[in-house]
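See structure below.
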Amino acid sequence: MTRYLVTWEIDYEGEGDAEAAARWAWEILRKPHSTANVFTMIDEAGNETKLDLAEIDEERLEASIGSVGDVLRRLTGEAVDAHR
């Protein structure tokens with residue numbers, strides 16, 4: 001089983017102590033439609049990977065929309081050919 005240290009970073013400048021900063025960051029992470037979407041993963045060998053999950057999801061959505069469009073065009077074309 002692979003282990004990763006997963007981190008998300010944000011700068012906090014405001015009133016309060018360390019707990020206030022942590023609670024502020026936690027609130028951002030938990031919000032629906034949060035833009036807290038870039039994470040850094042470090043594996044056991046020390047290799048670091050940064051991922052933007054919103055970017056990955058957008059690419060997957062665009063690919064699936066293209067796939068659905070292809071299927072619909074094929075089905076529509078087949079239906080038209082069947083009625084000729």
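Every chain in the structure tokens has a letter given in the order shown (A, B, ...), and although residue numbers restart at 1 in each chain, ligands are simply numbered from 1 in the order shown.
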Output as a short mmCIF file (atom, residue, chain, number, x, y, z; two decimals) with N, CA, C and O atoms, in the first residue's frame all residues of chain A that backbone DSSP marks as strand (DSSP E or B).
```cif
data_model
loop_
_atom_site.label_atom_id
_atom_site.label_comp_id
_atom_site.auth_asym_id
_atom_site.auth_seq_id
_atom_site.Cartn_x
_atom_site.Cartn_y
_atom_site.Cartn_z
N TYR A 4 1.17 8.48 1.25
CA TYR A 4 1.46 9.84 0.81
C TYR A 4 1.24 10.82 1.95
O TYR A 4 0.33 10.62 2.76
N LEU A 5 2.04 11.84 1.97
CA LEU A 5 1.76 13.01 2.79
C LEU A 5 1.05 13.97 1.85
O LEU A 5 1.60 14.37 0.82
N VAL A 6 -0.19 14.30 2.16
CA VAL A 6 -0.99 15.17 1.32
C VAL A 6 -1.15 16.50 2.03
O VAL A 6 -1.61 16.54 3.18
N THR A 7 -0.80 17.58 1.33
CA THR A 7 -0.91 18.90 1.96
C THR A 7 -1.66 19.86 1.04
O THR A 7 -1.68 19.72 -0.18
N VAL A 38 -5.90 22.54 -5.06
CA VAL A 38 -4.53 22.19 -5.43
C VAL A 38 -3.85 21.56 -4.22
O VAL A 38 -3.79 22.17 -3.15
N PHE A 39 -3.37 20.34 -4.42
CA PHE A 39 -2.75 19.59 -3.33
C PHE A 39 -1.35 19.14 -3.73
O PHE A 39 -1.08 18.94 -4.91
N THR A 40 -0.50 18.99 -2.73
CA THR A 40 0.84 18.45 -2.95
C THR A 40 0.90 17.11 -2.25
O THR A 40 0.54 16.99 -1.08
N MET A 41 1.35 16.10 -2.98
CA MET A 41 1.52 14.76 -2.42
C MET A 41 3.00 14.42 -2.44
O MET A 41 3.67 14.65 -3.44
N ILE A 42 3.48 13.87 -1.34
CA ILE A 42 4.86 13.40 -1.26
C ILE A 42 4.80 11.93 -0.90
O ILE A 42 4.22 11.55 0.12
N ASP A 43 5.39 11.09 -1.78
CA ASP A 43 5.36 9.65 -1.52
C ASP A 43 6.50 9.25 -0.58
O ASP A 43 7.30 10.08 -0.16
N GLU A 48 7.62 14.41 -5.08
CA GLU A 48 6.54 15.37 -4.88
C GLU A 48 5.74 15.55 -6.15
O GLU A 48 6.29 15.69 -7.23
N THR A 49 4.42 15.52 -6.01
CA THR A 49 3.50 15.73 -7.12
C THR A 49 2.47 16.75 -6.71
O THR A 49 1.90 16.66 -5.62
N LYS A 50 2.23 17.74 -7.57
CA LYS A 50 1.17 18.72 -7.33
C LYS A 50 0.03 18.42 -8.29
O LYS A 50 0.25 18.19 -9.48
N LEU A 51 -1.18 18.41 -7.75
CA LEU A 51 -2.36 18.16 -8.57
C LEU A 51 -3.40 19.23 -8.34
O LEU A 51 -3.69 19.59 -7.21
N ASP A 52 -3.97 19.72 -9.44
CA ASP A 52 -5.09 20.65 -9.39
C ASP A 52 -6.32 19.83 -9.73
O ASP A 52 -6.56 19.50 -10.90
#
```
How would you write, as a ChimeraX atom specification, the set of residues in chain A that DSSP gives as helix (DSSP H, G or I)? /A:18-30,53-82
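The coordinates place CA of Leu53 (chain A) at 19.0 Å from CA of Arg3 (chain A).
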From A:Ala45, A:Leu75, A:Ala25, A:Ile65, residue lying nearest Asp11 (chain A) [only C-alpha atoms]: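 The shortest atom-to-atom distance to Asp11 (chain A) comes from A:Ala25.
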Contacts of Ala21 (chain A) within 12 Å, only C-alpha atoms, excl. fewer than 5 positions in-chain, as an mmCIF file with C-alpha atoms, in the first residue's frame:
```cif
data_model
loop_
_atom_site.group_PDB
_atom_site.id
_atom_site.type_symbol
_atom_site.label_atom_id
_atom_site.label_comp_id
_atom_site.auth_asym_id
_atom_site.auth_seq_id
_atom_site.Cartn_x
_atom_site.Cartn_y
_atom_site.Cartn_z
ATOM 1 C CA GLU A 9 -1.470 25.363 1.715
ATOM 2 C CA ILE A 10 -2.978 28.763 2.227
ATOM 3 C CA ASP A 11 -1.623 31.949 3.737
ATOM 4 C CA TYR A 12 -3.511 33.436 6.650
ATOM 5 C CA GLU A 13 -3.144 36.987 7.805
ATOM 6 C CA GLY A 14 -5.647 38.066 10.390
ATOM 7 C CA GLU A 15 -6.657 38.276 13.979
ATOM 8 C CA GLY A 16 -6.370 35.423 16.410
ATOM 9 C CA TRP A 26 -10.782 24.277 7.531
ATOM 10 C CA GLU A 27 -13.902 26.319 6.803
ATOM 11 C CA ILE A 28 -12.610 27.100 3.309
#
```
